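Below is work22.cif, holding mmCIF, C-alpha atoms and all ligand atoms.
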data_input
loop_
_atom_site.label_atom_id
_atom_site.label_comp_id
_atom_site.auth_asym_id
_atom_site.auth_seq_id
_atom_site.Cartn_x
_atom_site.Cartn_y
_atom_site.Cartn_z
CA MET A 1 107.56 179.31 53.53
CA PRO A 2 106.56 179.63 57.26
CA GLN A 3 105.87 176.47 59.20
CA THR A 4 102.18 175.99 60.01
CA LEU A 5 101.01 175.12 63.52
CA HIS A 6 97.56 173.54 63.77
CA LEU A 7 95.70 173.82 67.07
CA LYS A 8 92.58 171.97 68.09
CA GLY A 9 90.99 174.14 70.79
CA LEU A 10 91.62 177.86 71.30
CA GLY A 11 90.93 178.34 75.00
CA PRO A 12 93.34 180.51 76.98
CA ALA A 13 96.19 177.96 76.79
CA GLY A 14 95.76 177.40 73.04
CA ALA A 15 95.63 181.18 72.54
CA LEU A 16 98.92 181.69 74.43
CA LEU A 17 100.59 178.96 72.37
CA ALA A 18 99.21 180.50 69.16
CA ILE A 19 100.60 183.94 70.08
CA ARG A 20 104.03 182.55 70.96
CA ALA A 21 104.14 180.47 67.77
CA ALA A 22 103.22 183.50 65.64
CA GLN A 23 105.95 185.55 67.36
CA ARG A 24 108.40 182.83 66.33
CA GLY A 25 107.33 182.99 62.71
CA TYR A 26 104.78 180.17 62.50
CA SER A 27 101.59 180.55 60.56
CA VAL A 28 98.83 179.39 62.98
CA VAL A 29 95.48 177.78 62.19
CA ALA A 30 93.20 177.11 65.15
CA TYR A 31 89.99 175.13 65.18
CA ASP A 32 87.51 175.91 67.95
CA PRO A 33 83.77 176.08 67.28
CA ALA A 34 83.12 177.80 70.65
CA VAL A 35 85.52 180.75 70.52
CA ASP A 36 84.45 184.06 68.98
CA LEU A 37 87.25 186.61 68.68
CA ASN A 38 84.72 189.36 67.98
CA ARG A 39 83.83 189.28 71.67
CA ALA A 40 85.86 191.39 74.09
CA THR A 41 86.15 188.41 76.46
CA PRO A 42 86.18 185.21 74.36
CA PHE A 43 87.13 182.96 77.33
CA PRO A 44 84.57 182.25 80.05
CA GLY A 45 86.63 182.90 83.21
CA THR A 46 88.90 185.44 84.85
CA TYR A 47 92.43 184.01 84.84
CA GLY A 48 95.36 184.90 87.09
CA VAL A 49 98.98 183.71 87.17
CA PHE A 50 101.94 184.30 89.45
CA SER A 51 104.24 187.05 88.09
CA THR A 52 107.23 184.72 88.28
CA GLN A 53 105.69 182.52 85.56
CA ILE A 54 105.31 185.21 82.90
CA PRO A 55 108.09 185.24 80.29
CA ALA A 56 109.01 188.51 78.55
CA TRP A 57 107.21 187.49 75.35
CA ALA A 58 103.84 187.41 77.20
CA ASP A 59 104.31 190.49 79.38
CA ALA A 60 101.84 192.67 77.43
CA LEU A 61 99.07 190.06 77.78
CA PHE A 62 98.70 190.56 81.55
CA THR A 63 97.57 193.39 83.84
CA PRO A 64 100.21 195.06 86.07
CA PRO A 65 101.37 192.98 89.07
CA ALA A 66 99.50 193.30 92.37
CA PRO A 67 100.46 192.02 95.84
CA LEU A 68 98.44 189.14 97.26
CA GLU A 69 97.28 188.39 100.78
CA VAL A 70 96.54 185.05 102.40
CA VAL A 71 94.49 184.50 105.56
CA ALA A 72 94.99 181.02 107.04
CA GLY A 73 95.97 179.11 110.18
CA LEU A 74 94.35 178.39 113.52
CA PRO A 75 94.17 181.06 114.85
CA THR A 76 94.14 182.91 111.54
CA THR A 77 97.16 184.93 110.40
CA ARG A 78 97.09 187.48 107.60
CA ARG A 79 100.20 187.62 105.38
CA THR A 80 101.25 189.37 102.20
CA LEU A 81 102.83 186.77 99.93
CA GLY A 82 106.36 187.12 98.63
CA PHE A 83 105.23 186.98 95.00
CA GLU A 84 102.79 189.01 92.95
CA TYR A 85 99.85 188.14 90.79
CA ARG A 86 98.67 189.25 87.35
CA MET A 87 95.41 188.78 85.48
CA LEU A 88 95.13 187.71 81.84
CA ASP A 89 94.00 190.74 79.83
CA GLN A 90 91.58 189.13 77.37
CA ALA A 91 91.37 192.25 75.19
CA ALA A 92 95.19 192.18 74.83
CA VAL A 93 95.03 188.47 73.92
CA VAL A 94 92.41 189.09 71.22
CA LYS A 95 94.48 192.00 69.84
CA ALA A 96 97.62 189.83 69.74
CA LEU A 97 95.78 186.97 68.00
CA ARG A 98 94.41 189.39 65.39
CA GLU A 99 97.76 191.10 64.81
CA SER A 100 99.44 187.69 64.47
CA ASN A 101 96.96 186.69 61.76
CA VAL A 102 96.01 183.55 63.69
CA ARG A 103 93.31 181.96 61.55
CA VAL A 104 90.33 180.58 63.48
CA VAL A 105 88.38 178.06 61.42
CA ALA A 106 85.01 176.45 62.09
CA GLU A 107 85.94 172.99 60.90
CA TYR A 108 88.99 170.87 61.57
CA VAL A 109 90.33 169.38 58.34
CA PRO A 110 93.28 167.05 58.95
CA ASP A 111 95.77 167.64 56.14
CA GLY A 112 98.61 165.41 57.24
CA HIS A 113 99.71 167.89 59.94
CA PRO A 114 98.47 166.60 63.29
CA ALA A 115 97.03 169.39 65.43
CA VAL A 116 98.23 170.09 68.97
CA ASP A 117 95.35 169.13 71.26
CA CYS A 118 94.38 172.15 73.40
CA THR A 119 90.82 170.98 74.08
CA GLY A 120 90.95 171.20 77.89
CA ALA A 121 90.84 168.54 80.60
CA PRO A 122 88.45 165.56 80.43
CA ARG A 123 85.43 166.06 82.68
CA THR A 124 85.11 162.64 84.32
CA ASP A 125 83.81 161.26 87.62
CA ALA A 126 87.40 160.36 88.59
CA ALA A 127 88.52 164.01 88.45
CA LEU A 128 89.08 166.13 91.50
CA TRP A 129 86.87 169.20 91.11
CA GLN A 130 87.46 172.80 91.96
CA LEU A 131 84.02 174.37 92.35
CA ALA A 132 83.30 178.02 93.08
CA VAL A 133 80.63 180.71 93.02
CA GLY A 134 81.82 184.28 92.51
CA TRP A 135 80.06 187.63 92.69
CA PHE A 136 81.25 190.81 91.00
CA PHE A 137 80.94 194.19 92.75
CA SER A 138 81.80 197.61 91.36
CA ASP A 139 84.89 199.31 92.87
CA ARG A 140 82.52 201.76 94.57
CA ASP A 141 80.43 199.02 96.24
CA ALA A 142 83.37 196.95 97.49
CA PRO A 143 86.47 199.14 97.88
CA ARG A 144 89.56 197.09 98.81
CA PRO A 145 93.25 197.70 99.29
CA GLN A 146 94.49 194.44 97.70
CA PRO A 147 93.50 191.02 96.37
CA VAL A 148 93.35 187.89 98.54
CA PHE A 149 94.55 184.53 97.18
CA MET A 150 92.88 182.44 99.91
CA ASP A 151 90.94 183.54 102.98
CA TRP A 152 90.23 180.43 105.06
CA THR A 153 88.51 182.37 107.87
CA GLY A 154 85.58 180.37 109.22
CA ALA A 155 86.36 177.14 107.35
CA GLU A 156 86.54 175.22 110.64
CA ALA A 157 82.91 176.10 111.41
CA GLN A 158 81.37 175.58 107.96
CA ASP A 159 78.28 173.40 107.42
CA GLN A 160 78.98 169.82 106.31
CA HIS A 161 76.75 170.00 103.20
CA ALA A 162 79.80 170.47 100.98
CA ALA A 163 83.59 170.37 101.24
CA PRO A 164 85.36 173.24 103.05
CA SER A 165 85.77 176.47 101.11
CA PHE A 166 87.82 179.66 101.21
CA CYS A 167 87.24 183.07 99.65
CA TYR A 168 89.31 184.36 96.70
CA ILE A 169 89.12 188.12 96.14
CA GLN A 170 90.46 189.67 92.97
CA ARG A 171 90.22 192.92 91.02
CA THR A 172 88.98 192.27 87.47
CA SER A 173 87.90 194.35 84.51
CA GLU A 174 84.34 193.99 85.90
CA GLY A 175 85.20 195.22 89.39
CA TRP A 176 86.02 193.21 92.52
CA LEU A 177 85.32 189.46 92.37
CA TYR A 178 84.54 187.59 95.63
CA GLU A 179 84.61 183.85 95.02
CA GLU A 180 83.71 181.12 97.53
CA THR A 181 85.91 178.24 96.40
CA ILE A 182 86.27 174.54 97.15
CA LEU A 183 89.90 173.87 96.31
CA ALA A 184 89.51 170.16 95.53
CA THR A 185 86.65 167.74 96.09
CA HIS A 186 85.31 164.43 94.85
CA CYS A 187 82.11 165.02 92.95
CA PRO A 188 80.31 163.43 90.00
CA ALA A 189 80.89 165.20 86.66
CA ASP A 190 77.10 165.45 86.24
CA PRO A 191 76.24 169.22 86.17
CA ALA A 192 73.04 168.62 88.20
CA GLU A 193 75.07 167.05 91.02
CA GLN A 194 77.62 169.87 90.88
CA GLN A 195 74.83 172.44 91.01
CA LYS A 196 73.88 171.18 94.49
CA VAL A 197 77.40 171.97 95.70
CA LEU A 198 77.38 175.35 93.95
CA ASP A 199 74.12 176.20 95.75
CA VAL A 200 75.82 175.53 99.11
CA LEU A 201 78.71 177.76 98.04
CA ARG A 202 76.30 180.55 97.09
CA ASN A 203 74.80 180.45 100.61
CA ARG A 204 78.26 180.53 102.19
CA LEU A 205 79.24 183.46 99.97
CA ALA A 206 76.10 185.37 100.98
CA GLU A 207 76.95 184.83 104.67
CA ARG A 208 80.57 185.81 104.15
CA ILE A 209 79.90 189.05 102.30
CA ALA A 210 77.24 189.97 104.92
CA ARG A 211 79.94 189.56 107.59
CA MET A 212 82.18 191.82 105.49
CA GLY A 213 79.44 194.48 105.37
CA LEU A 214 78.81 194.21 101.60
CA ASP A 215 75.35 194.50 100.08
CA PRO A 216 74.20 191.47 98.00
CA GLU A 217 71.85 193.81 96.09
CA SER A 218 74.86 195.45 94.46
CA VAL A 219 76.17 192.21 92.85
CA SER A 220 76.48 192.88 89.11
CA ARG A 221 77.06 189.27 87.93
CA GLU A 222 77.56 185.75 89.24
CA GLU A 223 80.32 183.44 87.96
CA GLN A 224 80.17 179.68 88.49
CA VAL A 225 83.39 177.71 88.27
CA SER A 226 83.81 173.98 87.67
CA ILE A 227 87.37 172.88 86.93
CA PRO A 228 88.27 169.19 86.49
CA MET A 229 91.71 168.62 88.01
CA GLY A 230 94.13 165.75 87.73
CA THR A 231 92.79 164.40 84.44
CA ARG A 232 94.48 164.62 81.04
CA ARG A 233 93.86 163.39 77.51
CA ARG A 234 95.39 159.95 77.16
CA HIS A 235 96.17 159.76 73.42
CA LYS A 236 99.76 159.91 72.21
CA GLU A 237 99.43 163.05 70.01
CA ARG A 238 100.89 166.36 71.19
CA LYS A 239 98.80 168.02 73.90
CA PHE A 240 99.00 171.38 75.62
CA GLY A 241 97.30 173.20 78.50
CA ALA A 242 94.67 171.48 80.60
CA ALA A 243 94.47 168.68 77.99
CA ALA A 244 98.07 167.79 78.89
CA GLY A 245 97.42 167.71 82.64
CA PHE A 246 98.79 171.21 83.33
CA ILE A 247 96.12 171.99 85.97
CA ASN A 248 97.72 172.08 89.41
CA PRO A 249 95.38 170.52 92.00
CA ALA A 250 96.73 172.86 94.70
CA THR A 251 95.40 175.89 92.82
CA GLY A 252 93.21 174.80 89.88
CA TYR A 253 95.55 176.88 87.70
CA SER A 254 97.26 175.91 84.46
CA LEU A 255 98.03 179.08 82.52
CA GLY A 256 101.35 179.75 84.26
CA HIS A 257 102.45 176.25 83.31
CA ALA A 258 101.29 176.89 79.72
CA LEU A 259 103.44 180.03 79.55
CA GLU A 260 106.46 178.14 80.86
CA ALA A 261 105.97 175.22 78.47
CA ALA A 262 105.10 177.00 75.18
CA ASP A 263 108.64 177.19 73.82
CA ASP A 264 109.35 173.57 74.79
CA VAL A 265 106.32 172.37 72.83
CA LEU A 266 107.26 174.44 69.78
CA ASP A 267 110.82 173.11 69.93
CA GLY A 268 109.54 169.52 70.21
CA ARG A 269 111.12 169.01 73.66
CA ARG A 270 109.62 166.56 76.11
CA LEU A 271 107.81 168.40 78.89
CA GLY A 272 108.81 166.06 81.72
CA GLY A 273 107.49 166.95 85.17
CA ASN A 274 106.00 163.51 85.87
CA LEU A 275 107.25 163.36 89.46
CA ALA A 276 105.83 166.84 90.16
CA TYR A 277 102.55 165.75 88.57
CA VAL A 278 102.20 162.63 90.74
CA LEU A 279 103.21 164.39 93.98
CA ARG A 280 100.69 167.17 93.35
CA GLN A 281 98.01 164.56 92.62
CA VAL A 282 98.68 163.02 96.03
CA GLY A 283 98.55 166.50 97.59
CA GLY A 284 95.25 167.20 95.82
CA GLU A 285 93.83 163.92 97.08
CA LEU A 286 94.75 164.85 100.66
CA ILE A 287 93.12 168.27 100.24
CA ALA A 288 89.92 166.57 99.04
CA ARG A 289 89.87 164.33 102.14
CA ALA A 290 90.48 167.04 104.77
CA ASP A 291 87.90 168.88 106.88
CA GLY A 292 87.72 172.66 107.28
CA ALA A 293 89.78 172.97 110.47
CA THR A 294 92.49 170.74 108.99
CA LEU A 295 92.75 172.79 105.78
CA GLN A 296 92.66 176.11 107.59
CA ASP A 297 95.53 175.01 109.83
CA PHE A 298 97.46 173.24 107.04
CA PHE A 299 97.47 176.30 104.76
CA GLY A 300 98.64 178.42 107.69
CA HIS A 301 101.75 176.20 107.75
CA PHE A 302 102.09 176.16 103.97
CA PHE A 303 102.11 179.95 103.65
CA ALA A 304 104.58 180.25 106.54
CA LEU A 305 107.18 178.49 104.33
CA ASP A 306 109.64 180.69 102.49
CA THR A 307 108.53 182.04 99.13
CA GLU A 308 110.82 179.79 97.08
CA ARG A 309 109.30 176.65 98.65
CA GLN A 310 105.73 177.91 98.17
CA LEU A 311 106.35 178.67 94.50
CA ALA A 312 107.98 175.29 93.92
CA TYR A 313 104.72 173.62 94.92
CA LEU A 314 102.34 176.11 93.32
CA SER A 315 104.19 176.32 90.00
CA GLY A 316 106.99 174.77 87.96
CA ARG A 317 107.79 171.21 86.86
CA ASP A 318 110.64 170.33 89.20
CA GLY A 319 109.51 167.20 91.05
CA LEU A 320 112.41 167.28 93.51
CA ALA A 321 111.57 170.88 94.42
CA VAL A 322 107.94 169.82 95.03
CA ALA A 323 109.20 166.97 97.25
CA ARG A 324 111.49 169.36 99.16
CA THR A 325 108.51 171.65 99.85
CA MET A 326 106.50 168.69 101.14
CA TRP A 327 109.38 167.66 103.38
CA ALA A 328 109.87 171.21 104.68
CA LEU A 329 106.14 171.42 105.46
CA ARG A 330 106.30 168.53 107.86
CA GLU A 331 108.62 170.60 110.10
CA GLY A 332 105.63 172.86 110.79
CA THR A 333 102.83 170.33 110.76
CA GLY A 334 104.58 167.29 112.24
CA LEU A 335 103.85 163.84 110.80
CA SER A 336 100.80 163.43 113.01
CA HIS A 337 98.90 166.33 111.38
CA GLU A 338 95.36 165.32 110.44
CA PHE A 339 96.03 166.38 106.83
CA LEU A 340 98.55 163.54 106.40
CA GLN A 341 96.54 160.82 108.11
CA PRO A 342 94.94 159.31 104.96
CA LEU A 343 98.50 158.47 103.84
CA PHE A 344 99.02 156.32 106.94
CA ARG A 345 95.49 155.02 107.53
CA ARG A 346 94.28 154.45 103.95
CA PRO A 347 97.30 154.66 101.62
CA TRP A 348 95.77 152.30 99.05
CA GLN A 349 92.62 154.42 98.78
CA VAL A 350 94.73 157.51 98.13
CA MET A 351 96.87 155.74 95.52
CA ARG A 352 93.86 154.16 93.83
CA ALA A 353 92.16 157.57 93.46
CA VAL A 354 95.34 159.07 91.98
CA TRP A 355 95.77 156.08 89.64
CA ALA A 356 92.18 156.39 88.39
CA ARG A 357 92.96 159.89 87.06
CA ARG A 358 96.37 159.08 85.52
C1 LIG B 401 85.86 180.55 85.79
C2 LIG B 401 87.22 179.95 85.74
C3 LIG B 401 88.31 180.63 86.31
C4 LIG B 401 89.58 180.08 86.24
N1 LIG B 401 90.63 180.79 86.77
C5 LIG B 401 91.89 180.38 86.52
C6 LIG B 401 93.01 181.17 86.89
O1 LIG B 401 92.84 182.20 87.56
N2 LIG B 401 94.25 180.77 86.54
C7 LIG B 401 94.45 179.62 85.82
O2 LIG B 401 95.58 179.29 85.48
N3 LIG B 401 93.40 178.82 85.53
C8 LIG B 401 92.15 179.17 85.85
N4 LIG B 401 91.09 178.40 85.51
C9 LIG B 401 91.35 177.02 85.11
C10 LIG B 401 91.18 176.84 83.67
O3 LIG B 401 90.35 175.72 83.43
C11 LIG B 401 92.38 176.54 82.96
O4 LIG B 401 93.55 177.06 83.52
C12 LIG B 401 92.27 177.06 81.52
O5 LIG B 401 90.95 177.30 81.11
C13 LIG B 401 92.87 175.99 80.68
O6 LIG B 401 92.90 176.45 79.40
P1 LIG B 401 92.87 175.44 78.19
O7 LIG B 401 92.89 176.35 77.00
O8 LIG B 401 93.90 174.41 78.35
O9 LIG B 401 91.46 174.68 78.30
P2 LIG B 401 90.00 175.23 78.23
O10 LIG B 401 89.88 176.56 78.85
O11 LIG B 401 89.13 174.13 78.71
O12 LIG B 401 89.74 175.44 76.66
C14 LIG B 401 89.56 174.37 75.78
C15 LIG B 401 89.05 174.91 74.45
O13 LIG B 401 88.98 173.83 73.55
C16 LIG B 401 87.74 173.88 72.84
N5 LIG B 401 87.40 172.53 72.45
C17 LIG B 401 86.95 171.52 73.26
N6 LIG B 401 86.76 170.40 72.53
C18 LIG B 401 87.09 170.70 71.25
C19 LIG B 401 87.12 169.95 70.04
N7 LIG B 401 86.77 168.66 70.00
N8 LIG B 401 87.51 170.57 68.92
C20 LIG B 401 87.89 171.89 68.95
N9 LIG B 401 87.89 172.65 70.06
C21 LIG B 401 87.50 172.06 71.19
C22 LIG B 401 86.76 174.52 73.80
O14 LIG B 401 85.73 175.17 73.08
C23 LIG B 401 87.65 175.51 74.56
O15 LIG B 401 87.63 176.78 73.97
C24 LIG B 401 89.80 178.87 85.60
C25 LIG B 401 88.70 178.18 85.07
C26 LIG B 401 87.44 178.70 85.13
C27 LIG B 401 86.29 177.93 84.53
#
With the file now loaded, output its structure as structure tokens.
Ligand SMILES: Cc1cc2nc3c(=O)[nH]c(=O)nc-3n(C[C@H](O)[C@H](O)[C@H](O)COP(=O)(O)OP(=O)(O)OC[C@H]3O[C@@H](n4cnc5c(N)ncnc54)[C@H](O)[C@@H]3O)c2cc1C
Amino acid sequence: MPQTLHLKGLGPAGALLAIRAAQRGYSVVAYDPAVDLNRATPFPGTYGVFSTQIPAWADALFTPPAPLEVVAGLPTTRRTLGFEYRMLDQAAVVKALRESNVRVVAEYVPDGHPAVDCTGAPRTDAALWQLAVGWFFSDRDAPRPQPVFMDWTGAEAQDQHAAPSFCYIQRTSEGWLYEETILATHCPADPAEQQKVLDVLRNRLAERIARMGLDPESVSREEQVSIPMGTRRRHKERKFGAAAGFINPATGYSLGHALEAADDVLDGRRLGGNLAYVLRQVGGELIARADGATLQDFFGHFFALDTERQLAYLSGRDGLAVARTMWALREGTGLSHEFLQPLFRRPWQVMRAVWARR
């Protein structure tokens, strides 16, 4: 008799856990009233992960690897990163869920088997928010050689109506996506308040693509992104994905972490990673307090680190490796860098904000 795994929530993280569990012989029942596997793209976003985070069992669920550029620093420097990037192929995920006979039910009926909570991160006022507006262009209207993880060009001169933003550029199944992105900011959870910030981002995106020579008339669709970071469900039951605090406030990403943690959860191992979690929360808080020039310069230093150090901060659960990256960074920035000043001038404010999201 196969073991049954019950999932509450079948977003991208729940779906990856379901696929891995089915591969390992579990029978999977998932409850999510919002997910329709008859749609080609059941999840609302476009999701990328670093190639280094994809285990062999999930290889077929991602597009082929592509190199990534970063533009950062004062003055700006363009670099190709030492790791590659892959996009979640939603059609492949749906196919795998179907072939694994994952049962999606409309109503959650507790039957003595507690479900793993995959319901996403709590959307609260205490969260740090990643907010973005993205426009899709056909390959013909926006031909590009390669994707860009972060382009901070112009951040030092941006208007003060919203936090500083960079541009993320990625090839998707809908063409090229150009996304004006605030990495981390304090903002109320109220959608009306967030819409004001998204409107500023839309204006910045329009200016940016005009500078790049693209035609706004050829935009095929707009994507709006609102990701709560640094919050997690507080109950004691098993949690996975954004519900378990997997979202990294340096990127807004969690799916790489979900891939790395799936086997641990199925084997009942503790996930650990608390030191990494707290250090990244502090890092996220500093990002949210920095102005455009500070972030543009800071990320120039970050992406000048060697690849191993970058990946230790951007992915993984090794707290000491995260601390080593932070320590190595100060060789480039010095301790007097504006980015670090809230730690010296207002340490209690920083700690209080981190504590409020714990
Ligand atoms: C547009 C966009 C782009 C993004 N890009 C990336 C990216 O490139 N890489 C990356 O790693 N992350 C990305 N993210 C971040 C993203 O939030 C998370 O990484 C990812 O969605 C987390 O997946 P999840 O399944 O844990 O949670 P969610 O995606 O939030 O899914 C939670 C699911 O639980 C369901 N649910 C909620 N409450 C209940 C309930 N009470 N009962 C049953 N079901 C419930 C919801 O319907 C939903 O389907 C992006 C987010 C957005 C919005």
What are the nearest atom pairs, with distances in Å to one decimal, for all residues of chain A that come at most 7 Å from ligand LIG 401 (chain B), using all atoms listed in the file, set out by chain and rising residue number as CSV?
residue,atom,partner,partner_atom,distance
A:Lys8,CA,B:LIG401,C20,4.8
A:Gly9,CA,B:LIG401,O13,3.4
A:Leu10,CA,B:LIG401,O15,4.9
A:Gly11,CA,B:LIG401,O7,3.4
A:Pro12,CA,B:LIG401,O7,4.2
A:Ala13,CA,B:LIG401,O7,3.7
A:Gly14,CA,B:LIG401,O7,5.0
A:Tyr31,CA,B:LIG401,C20,5.4
A:Asp32,CA,B:LIG401,N9,3.9
A:Pro33,CA,B:LIG401,N9,6.0
A:Ala34,CA,B:LIG401,O14,4.4
A:Val35,CA,B:LIG401,O15,5.7
A:Pro44,CA,B:LIG401,C1,6.1
A:Gly45,CA,B:LIG401,C1,3.6
A:Thr46,CA,B:LIG401,C3,5.1
A:Tyr47,CA,B:LIG401,O1,3.3
A:Gly48,CA,B:LIG401,O1,3.7
A:Val49,CA,B:LIG401,N2,5.6
A:Cys118,CA,B:LIG401,O8,5.5
A:Thr119,CA,B:LIG401,O13,3.4
A:Gly120,CA,B:LIG401,O9,3.5
A:Ala121,CA,B:LIG401,O11,6.1
A:Glu223,CA,B:LIG401,C1,6.6
A:Gln224,CA,B:LIG401,C1,6.4
A:Val225,CA,B:LIG401,C1,4.5
A:Ser226,CA,B:LIG401,C27,5.6
A:Ile227,CA,B:LIG401,O3,5.4
A:Phe240,CA,B:LIG401,O8,6.5
A:Gly241,CA,B:LIG401,O8,3.6
A:Ala242,CA,B:LIG401,O8,3.8
A:Ala243,CA,B:LIG401,O8,5.8
A:Ile247,CA,B:LIG401,O4,6.2
A:Gly252,CA,B:LIG401,C9,5.6
A:Tyr253,CA,B:LIG401,O2,3.3
A:Ser254,CA,B:LIG401,O2,3.9
A:Leu255,CA,B:LIG401,O2,3.8
A:Gly256,CA,B:LIG401,O2,5.9
- Could you give me, as a PyMOL selection string, the residues within 12 Å of Val102 (chain A), counting only C-alpha atoms and dropping anything in the same chain fewer than 4 positions from it? chain A and resi 4-7+10+14-23+25-31+37+93-98
- To one decimal place, how far is CA of Asp291 (chain A) from CA of Pro164 (chain A) in Å? 6.3 Å
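Distances here use only C-alpha atoms; by that measure, the residue among A:Leu131, A:Val148, A:Leu314, A:Leu279 closest to Leu198 (chain A) is A:Leu131.
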- Skipping near chain neighbours, those fewer than 4 positions away, what residues fall within 9 Å of region 188-192 of chain A using all atoms listed in the file, listed as a list in words? Arg123, Thr124, Asp125, Ala126, Ala127, Trp129, Lys196 and Pro228 of chain A
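Checking A:Leu68, A:Asp215, A:Ala184, A:Gly332 one by one against Leu128 (chain A), counting all atoms listed in the file, you find the shortest gap at A:Ala184.
Note that the spacing between CA of Leu61 (chain A) and CA of Arg103 (chain A) amounts to 19.0 Å.
From CA of Tyr168 (chain A) back to CA of Tyr85 (chain A), the distance works out to 12.7 Å.
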